[in-house]
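Q: The file below is target-v1.csv, CSV, C-alpha atoms and all ligand atoms:
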chain,number,residue,atom,x,y,z
A,1,MET,CA,-9.3,64.6,79.3
A,2,ASN,CA,-11.0,62.5,81.9
A,3,ASN,CA,-9.2,60.5,84.5
A,4,ASP,CA,-9.9,57.0,85.5
A,5,ILE,CA,-11.9,56.8,88.7
A,6,ASN,CA,-9.3,54.5,90.3
A,7,ASN,CA,-6.5,56.8,89.2
A,8,ILE,CA,-7.9,59.7,91.2
A,9,LYS,CA,-8.6,57.6,94.2
A,10,ASN,CA,-5.1,56.2,94.2
A,11,ASN,CA,-3.6,59.6,93.8
A,12,ILE,CA,-5.5,60.9,96.7
A,13,GLU,CA,-4.4,58.0,98.8
A,14,ASN,CA,-0.8,58.6,97.8
A,15,ILE,CA,-1.1,62.3,98.7
A,16,ARG,CA,-2.6,61.5,102.0
A,17,ARG,CA,0.3,59.1,102.7
A,18,ALA,CA,2.8,61.8,101.7
A,19,ILE,CA,1.1,64.3,104.0
A,20,GLU,CA,1.3,61.8,106.8
A,21,GLU,CA,5.0,61.2,106.2
A,22,SER,CA,5.8,64.9,106.0
A,23,ALA,CA,3.8,65.7,109.1
A,24,THR,CA,5.3,62.8,111.1
A,25,ALA,CA,8.9,63.8,110.0
A,26,CYS,CA,8.4,67.2,111.7
A,27,GLY,CA,6.5,66.1,114.7
A,28,ARG,CA,3.0,67.1,113.4
A,29,LYS,CA,-0.3,65.3,113.0
A,30,ALA,CA,-1.6,64.6,109.5
A,31,SER,CA,-5.1,65.2,110.9
A,32,ASP,CA,-4.1,68.9,111.3
A,33,ILE,CA,-3.6,69.3,107.6
A,34,LYS,CA,-6.6,69.6,105.3
A,35,LEU,CA,-6.5,68.6,101.6
A,36,VAL,CA,-8.1,70.8,99.1
A,37,ALA,CA,-8.5,69.2,95.6
A,38,VAL,CA,-7.9,71.9,93.1
A,39,THR,CA,-10.2,71.1,90.3
A,40,LYS,CA,-9.8,73.9,87.7
A,41,THR,CA,-10.0,72.7,84.1
A,42,HIS,CA,-11.2,69.3,85.3
A,43,SER,CA,-14.7,67.8,84.8
A,44,VAL,CA,-17.6,67.6,87.3
A,45,GLU,CA,-17.2,63.8,87.2
A,46,GLU,CA,-13.6,64.1,88.3
A,47,MET,CA,-14.6,66.6,91.0
A,48,LEU,CA,-17.3,64.2,92.3
A,49,ILE,CA,-14.7,61.5,92.8
A,50,ALA,CA,-12.3,63.8,94.5
A,51,SER,CA,-15.1,65.1,96.8
A,52,GLU,CA,-15.4,61.7,98.4
A,53,SER,CA,-12.0,61.9,100.0
A,54,ALA,CA,-10.7,65.5,99.8
A,55,ASP,CA,-11.7,67.9,102.6
A,56,ALA,CA,-12.7,70.6,100.1
A,57,LEU,CA,-12.7,71.6,96.5
A,58,GLY,CA,-10.8,74.6,95.1
A,59,GLU,CA,-11.6,76.5,92.0
A,60,ASN,CA,-9.9,79.6,90.5
A,61,ARG,CA,-12.5,81.2,88.3
A,62,VAL,CA,-16.1,82.3,89.0
A,63,GLN,CA,-17.2,81.6,85.4
A,64,GLU,CA,-16.0,78.1,85.4
A,65,ALA,CA,-17.3,77.3,88.9
A,66,MET,CA,-20.7,78.6,87.8
A,67,ALA,CA,-20.9,76.2,84.8
A,68,LYS,CA,-19.9,73.3,87.1
A,69,LYS,CA,-22.3,74.2,89.9
A,70,ARG,CA,-25.2,73.9,87.4
A,71,LEU,CA,-24.3,70.2,87.1
A,72,TRP,CA,-23.5,69.7,90.7
A,73,PRO,CA,-25.8,67.4,92.7
A,74,SER,CA,-27.4,69.2,95.6
A,75,THR,CA,-26.9,66.2,97.8
A,76,ASN,CA,-23.1,66.7,97.6
A,77,ARG,CA,-22.2,69.0,100.5
A,78,SER,CA,-18.5,69.5,99.6
A,79,GLN,CA,-17.0,72.8,100.6
A,80,TRP,CA,-16.1,75.0,97.6
A,81,ARG,CA,-13.2,77.4,98.1
A,82,LEU,CA,-12.4,80.2,95.7
A,83,LEU,CA,-8.6,80.3,95.2
A,84,GLY,CA,-8.2,82.7,92.2
A,85,HIS,CA,-8.2,86.4,92.1
A,86,LEU,CA,-11.7,87.9,92.5
A,87,GLN,CA,-12.8,91.0,90.8
A,88,ASN,CA,-15.3,93.3,92.5
A,89,ASN,CA,-17.9,92.9,89.8
A,90,LYS,CA,-18.0,89.2,90.3
A,91,VAL,CA,-18.3,89.2,94.1
A,92,ARG,CA,-22.1,88.6,94.2
A,93,LYS,CA,-21.8,85.6,91.8
A,94,ALA,CA,-18.8,84.3,93.7
A,95,LEU,CA,-20.8,84.3,97.0
A,96,GLN,CA,-23.6,82.3,95.4
A,97,LEU,CA,-21.1,79.6,94.4
A,98,PHE,CA,-18.4,79.5,97.1
A,99,ASP,CA,-18.3,78.8,100.8
A,100,THR,CA,-15.0,80.7,101.3
A,101,VAL,CA,-12.9,83.2,99.5
A,102,ASP,CA,-9.2,82.3,100.1
A,103,SER,CA,-7.8,85.0,97.8
A,104,LEU,CA,-8.7,88.2,99.7
A,105,ASP,CA,-5.9,90.5,98.5
A,106,SER,CA,-7.1,94.2,98.8
A,107,VAL,CA,-9.0,96.6,101.0
A,108,ASP,CA,-11.3,97.3,98.1
A,109,LEU,CA,-12.2,93.7,97.7
A,110,ALA,CA,-12.7,93.3,101.5
A,111,MET,CA,-15.2,96.2,101.5
A,112,THR,CA,-17.1,94.8,98.6
A,113,LEU,CA,-17.2,91.3,100.0
A,114,ASN,CA,-18.4,92.6,103.3
A,115,ARG,CA,-21.1,94.8,101.8
A,116,VAL,CA,-22.4,92.0,99.5
A,117,SER,CA,-22.3,89.5,102.3
A,118,GLN,CA,-24.3,91.8,104.5
A,119,GLU,CA,-26.9,92.2,101.7
A,120,MET,CA,-27.1,88.4,101.4
A,121,THR,CA,-27.3,88.1,105.2
A,122,ARG,CA,-24.3,85.8,105.4
A,123,VAL,CA,-21.0,85.8,107.1
A,124,THR,CA,-18.3,84.8,104.6
A,125,SER,CA,-15.2,82.9,105.6
A,126,VAL,CA,-12.1,84.4,104.1
A,127,LEU,CA,-8.3,84.0,104.0
A,128,ILE,CA,-6.0,86.9,103.3
A,129,GLU,CA,-3.7,85.9,100.5
A,130,VAL,CA,-0.2,87.3,101.0
A,131,ASN,CA,2.4,87.6,98.3
A,132,THR,CA,5.5,86.1,99.9
A,133,SER,CA,7.4,85.4,96.6
A,134,GLY,CA,8.0,89.0,95.7
A,135,GLU,CA,7.1,88.2,92.2
A,136,SER,CA,4.8,91.0,90.9
A,137,SER,CA,2.9,88.6,88.7
A,138,LYS,CA,1.8,86.6,91.7
A,139,SER,CA,-1.5,87.4,93.3
A,140,GLY,CA,-1.8,88.3,97.0
A,141,VAL,CA,-1.4,91.5,99.0
A,142,ALA,CA,2.2,92.8,99.2
A,143,LEU,CA,3.9,92.3,102.5
A,144,GLY,CA,4.0,96.1,103.1
A,145,LYS,CA,0.3,96.3,102.8
A,146,PHE,CA,-0.6,93.3,104.9
A,147,TYR,CA,-1.3,95.0,108.2
A,148,GLU,CA,-3.5,97.7,106.7
A,149,LEU,CA,-5.6,95.0,105.0
A,150,LEU,CA,-5.7,92.9,108.2
A,151,ASP,CA,-7.0,95.9,110.2
A,152,ARG,CA,-9.7,96.6,107.7
A,153,VAL,CA,-10.8,93.0,107.5
A,154,LEU,CA,-11.1,92.8,111.3
A,155,THR,CA,-13.6,95.7,111.1
A,156,CYS,CA,-15.8,93.8,108.6
A,157,ARG,CA,-18.7,92.3,110.5
A,158,ASN,CA,-19.8,90.1,107.7
A,159,LEU,CA,-16.4,88.6,107.1
A,160,SER,CA,-14.9,85.9,109.2
A,161,LEU,CA,-11.1,85.8,108.9
A,162,GLU,CA,-9.9,82.2,109.3
A,163,GLY,CA,-6.2,82.6,108.3
A,164,LEU,CA,-3.8,83.2,105.4
A,165,MET,CA,-3.0,81.8,102.1
A,166,THR,CA,0.1,82.1,100.0
A,167,ILE,CA,1.5,80.7,96.8
A,168,GLY,CA,5.2,79.7,97.0
A,169,PRO,CA,7.7,81.0,94.5
A,170,LEU,CA,8.0,79.1,91.3
A,171,SER,CA,11.4,77.7,92.1
A,172,GLU,CA,13.0,74.3,92.8
A,173,ASN,CA,15.3,75.9,95.3
A,174,GLU,CA,14.2,74.5,98.7
A,175,SER,CA,15.5,77.3,100.8
A,176,ASP,CA,13.8,80.0,98.6
A,177,VAL,CA,10.5,78.2,98.8
A,178,ARG,CA,10.7,77.5,102.5
A,179,ARG,CA,11.7,81.1,103.2
A,180,ALA,CA,8.4,82.2,101.6
A,181,PHE,CA,6.4,79.7,103.6
A,182,ALA,CA,8.1,80.7,106.8
A,183,GLN,CA,7.3,84.3,106.1
A,184,ALA,CA,3.6,83.5,105.7
A,185,ARG,CA,3.7,81.5,108.9
A,186,ALA,CA,5.3,84.4,110.8
A,187,LEU,CA,2.7,86.8,109.5
A,188,SER,CA,-0.1,84.4,110.5
A,189,GLU,CA,1.3,84.3,114.0
A,190,LYS,CA,1.5,88.0,114.3
A,191,ALA,CA,-2.0,88.4,112.9
A,192,ARG,CA,-3.2,85.9,115.5
A,193,ALA,CA,-1.6,87.9,118.3
A,194,LEU,CA,-3.0,91.2,117.0
A,195,SER,CA,-6.5,89.9,116.3
A,196,ALA,CA,-6.9,87.4,119.2
A,197,LEU,CA,-8.6,85.2,116.6
A,198,PRO,CA,-7.7,81.5,116.2
A,199,LEU,CA,-6.7,82.0,112.5
A,200,SER,CA,-6.2,78.3,112.3
A,201,ILE,CA,-5.8,78.1,108.5
A,202,LEU,CA,-2.5,78.5,106.8
A,203,SER,CA,-3.1,77.5,103.3
A,204,MET,CA,0.2,76.8,101.5
A,205,GLY,CA,1.7,74.0,99.4
A,206,MET,CA,0.7,72.7,96.0
A,207,SER,CA,1.6,69.6,94.1
A,208,TYR,CA,5.4,70.3,93.9
A,209,ASP,CA,6.0,72.0,97.2
A,210,PHE,CA,3.5,70.7,99.7
A,211,ARG,CA,6.1,68.8,101.7
A,212,TRP,CA,8.1,71.9,102.4
A,213,ALA,CA,4.9,73.8,103.2
A,214,ILE,CA,4.0,71.2,105.8
A,215,THR,CA,7.5,71.4,107.3
A,216,GLU,CA,6.9,75.2,107.6
A,217,GLY,CA,3.5,74.8,109.3
A,218,SER,CA,0.9,74.6,106.5
A,219,THR,CA,-2.5,73.4,107.8
A,220,MET,CA,-4.1,73.3,104.3
A,221,VAL,CA,-2.5,72.0,101.1
A,222,ARG,CA,-4.0,72.7,97.6
A,223,ILE,CA,-3.3,69.9,95.2
A,224,GLY,CA,-4.3,69.8,91.5
A,225,THR,CA,-1.7,68.2,89.2
A,226,ALA,CA,-0.8,65.4,91.6
A,227,LEU,CA,-4.4,64.3,91.8
A,228,PHE,CA,-5.7,64.8,88.3
A,229,GLY,CA,-2.6,65.0,86.1
A,230,SER,CA,-1.4,68.1,84.2
A,231,ARG,CA,-3.7,70.8,82.9
A,232,GLU,CA,-3.8,71.6,79.3
B,1,LIG,C1,-3.8,75.8,90.4
B,1,LIG,C2,-3.6,76.1,91.8
B,1,LIG,C3,-3.2,75.2,92.8
B,1,LIG,C4,-2.9,73.7,92.4
B,1,LIG,O1,-1.6,73.7,91.8
B,1,LIG,P1,-1.0,72.3,91.4
B,1,LIG,O2,0.4,72.6,91.1
B,1,LIG,O3,-1.7,71.8,90.1
B,1,LIG,O4,-1.1,71.3,92.5
B,1,LIG,C5,-3.1,75.5,94.1
B,1,LIG,N1,-3.4,76.8,94.5
B,1,LIG,C6,-3.7,77.8,93.6
B,1,LIG,C7,-4.0,79.1,94.1
B,1,LIG,C8,-3.8,77.5,92.3
B,1,LIG,O5,-4.2,78.4,91.4
Spell out the structure here as structure tokens.

A:
Amino acid sequence: MNNDINNIKNNIENIRRAIEESATACGRKASDIKLVAVTKTHSVEEMLIASESADALGENRVQEAMAKKRLWPSTNRSQWRLLGHLQNNKVRKALQLFDTVDSLDSVDLAMTLNRVSQEMTRVTSVLIEVNTSGESSKSGVALGKFYELLDRVLTCRNLSLEGLMTIGPLSENESDVRRAFAQARALSEKARALSALPLSILSMGMSYDFRWAITEGSTMVRIGTALFGSRE
């Protein structure tokens, strides 16, 4: 189903306003919070509209992104961020399509990403995805394995670690959701101290929880449904 152009533009404006309100309410600047338009299942036409005002586009699947990239005008320089779990055998393809991999969740994947990046003579921006919800179905490295992964990523010369990503628990309970976000923020601060890197990206908050995420320090929200409507 295709959205009206004006719909998407209005929705982005509304989200920007809500980001501004949430930021102001906790003494932060809206300009410190990037908006990623999550475009999975949506058309290239819709993506092009979103690309005019979002800071980046987010996709979950390599296969889908590949089909879309074929139709993508080369003049459009939007940043493409991979948000979904990446399998080792799709790393090369992923690196041809995406500017960043935000879902780095294992040592094994880090090693493959680093090796393929080296072969492609590029340095790939990555976020470590942490599982703060404790739900085993959720992607992301378990908290107990975070530091091991961090150590390994820091040895990878063709990976540039820019921060962390997390998906909040699927819950309407504010304190549960905020606890998960606070945990990600605490980890990112520890990682910053350990690595002496800026690690300026803390990607957390989706359509239904981005306000709480901003209160807990998010610097990048990933919004799909609130921009494009519900997915089939
Ligand atoms: C789908 C998805 C989103 C967007 O979720 P909405 O609830 O539609 O805003 C954000 N982040 C990730 C990792 C996703 O898979």

Q: So which residues touch stretch 85-101 of chain A within 8 Å, counting only C-alpha atoms, skipping near sequence neighbours fewer than 2 positions away, as a PDB file with C-alpha atoms, in the frame of the given file?

A:
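Listed below is the output, result_2.pdb:
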ATOM      1  CA  ASN A  60      -9.900  79.600  90.500  1.00  0.00           C
ATOM      2  CA  ARG A  61     -12.500  81.200  88.300  1.00  0.00           C
ATOM      3  CA  VAL A  62     -16.100  82.300  89.000  1.00  0.00           C
ATOM      4  CA  ALA A  65     -17.300  77.300  88.900  1.00  0.00           C
ATOM      5  CA  MET A  66     -20.700  78.600  87.800  1.00  0.00           C
ATOM      6  CA  LYS A  69     -22.300  74.200  89.900  1.00  0.00           C
ATOM      7  CA  GLN A  79     -17.000  72.800 100.600  1.00  0.00           C
ATOM      8  CA  TRP A  80     -16.100  75.000  97.600  1.00  0.00           C
ATOM      9  CA  ARG A  81     -13.200  77.400  98.100  1.00  0.00           C
ATOM     10  CA  LEU A  82     -12.400  80.200  95.700  1.00  0.00           C
ATOM     11  CA  LEU A  83      -8.600  80.300  95.200  1.00  0.00           C
ATOM     12  CA  SER A 103      -7.800  85.000  97.800  1.00  0.00           C
ATOM     13  CA  LEU A 104      -8.700  88.200  99.700  1.00  0.00           C
ATOM     14  CA  ASP A 105      -5.900  90.500  98.500  1.00  0.00           C
ATOM     15  CA  ASP A 108     -11.300  97.300  98.100  1.00  0.00           C
ATOM     16  CA  LEU A 109     -12.200  93.700  97.700  1.00  0.00           C
ATOM     17  CA  THR A 112     -17.100  94.800  98.600  1.00  0.00           C
ATOM     18  CA  LEU A 113     -17.200  91.300 100.000  1.00  0.00           C
ATOM     19  CA  VAL A 116     -22.400  92.000  99.500  1.00  0.00           C
ATOM     20  CA  SER A 117     -22.300  89.500 102.300  1.00  0.00           C
ATOM     21  CA  THR A 124     -18.300  84.800 104.600  1.00  0.00           C
ATOM     22  CA  SER A 125     -15.200  82.900 105.600  1.00  0.00           C
ATOM     23  CA  VAL A 126     -12.100  84.400 104.100  1.00  0.00           C
ATOM     24  CA  LEU A 127      -8.300  84.000 104.000  1.00  0.00           C
ATOM     25  CA  SER A 139      -1.500  87.400  93.300  1.00  0.00           C
TER      26      SER A 139
END

Q: Mind giving me the straight-line distance from atom C5 of ligand LIG 1 (chain B) to atom CA of A:Gly224 in Å, one decimal?

A: 6.4 Å

Q: Just the residues within 8 Å of A:Leu150, please, counting all atoms listed in the file, with nothing from its chain fewer than 4 positions along; format it as a ChimeraX atom specification.

A: /A:128,146,154,191

Q: Please produce, as JSON lines, a per-residue contact table for stretch 17-38 of chain A versus stretch 194-216 of chain A (criterion: any atom at most 8 Å away, all atoms listed in the file considered), showing the nearest atom pair and its distance in Å to one decimal, sorted by chain then residue number.

A:
{"residue": "A:Ala18", "atom": "CA", "partner": "A:Arg211", "partner_atom": "CA", "distance": 7.7}
{"residue": "A:Ile19", "atom": "CA", "partner": "A:Arg211", "partner_atom": "CA", "distance": 7.1}
{"residue": "A:Ser22", "atom": "CA", "partner": "A:Arg211", "partner_atom": "CA", "distance": 5.8}
{"residue": "A:Ala23", "atom": "CA", "partner": "A:Ile214", "partner_atom": "CA", "distance": 6.4}
{"residue": "A:Cys26", "atom": "CA", "partner": "A:Thr215", "partner_atom": "CA", "distance": 6.1}

Q: Residues at most 9 Å from stretch 27-38 of chain A, counting all atoms listed in the file, excluding those fewer than 5 positions away in the same chain, as number ranges by chain?

A: A: 12, 15-17, 19-22, 47, 50-51, 53-60, 81, 83, 203, 214-215, 217-225, 227-228

Q: Got a sec: who's within 10 Å of stretch 171-173 of chain A, counting all atoms listed in the file, leaving out chain neighbours fewer than 2 positions off, as a PyMOL selection string?

A: chain A and resi 133+168-169+175-178+208-209

Q: Using only C-alpha atoms and all ligand atoms, which of A:Val123, A:Val44, A:Val130, A:Val153 sits nearest ligand LIG 1 (chain B)?

A: A:Val130

Q: Extending 6 Å beyond the listed atoms of ligand LIG 1 (chain B) on each side, what axis-aligned box results? I want centre and edge lengths in Å to one decimal, as lines of an AutoDock Vina configuration file.

A:
center_x = -1.9
center_y = 75.2
center_z = 92.3
size_x = 16.6
size_y = 19.8
size_z = 16.4

Q: With distances taken over all atoms listed in the file, which of A:Ala186, A:Met165, A:Ala180, A:Cys156 is nearest to ligand LIG 1 (chain B)?

A: A:Met165

Q: Select, from A:Glu189, A:Glu174, A:Glu119, A:Asp102, the residue with the minimum atom-to-atom distance to A:Ser160, counting all atoms listed in the file.

A: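 Nearest to A:Ser160: A:Asp102.
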
Q: Given all atoms listed in the file as the basis, pick out the residue of A:Thr121, A:Gln183, A:Asn14, A:Thr39 nearest to ligand LIG 1 (chain B).

A: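 When distances to ligand LIG 1 (chain B) are compared using all atoms listed in the file, the smallest one comes from A:Thr39.
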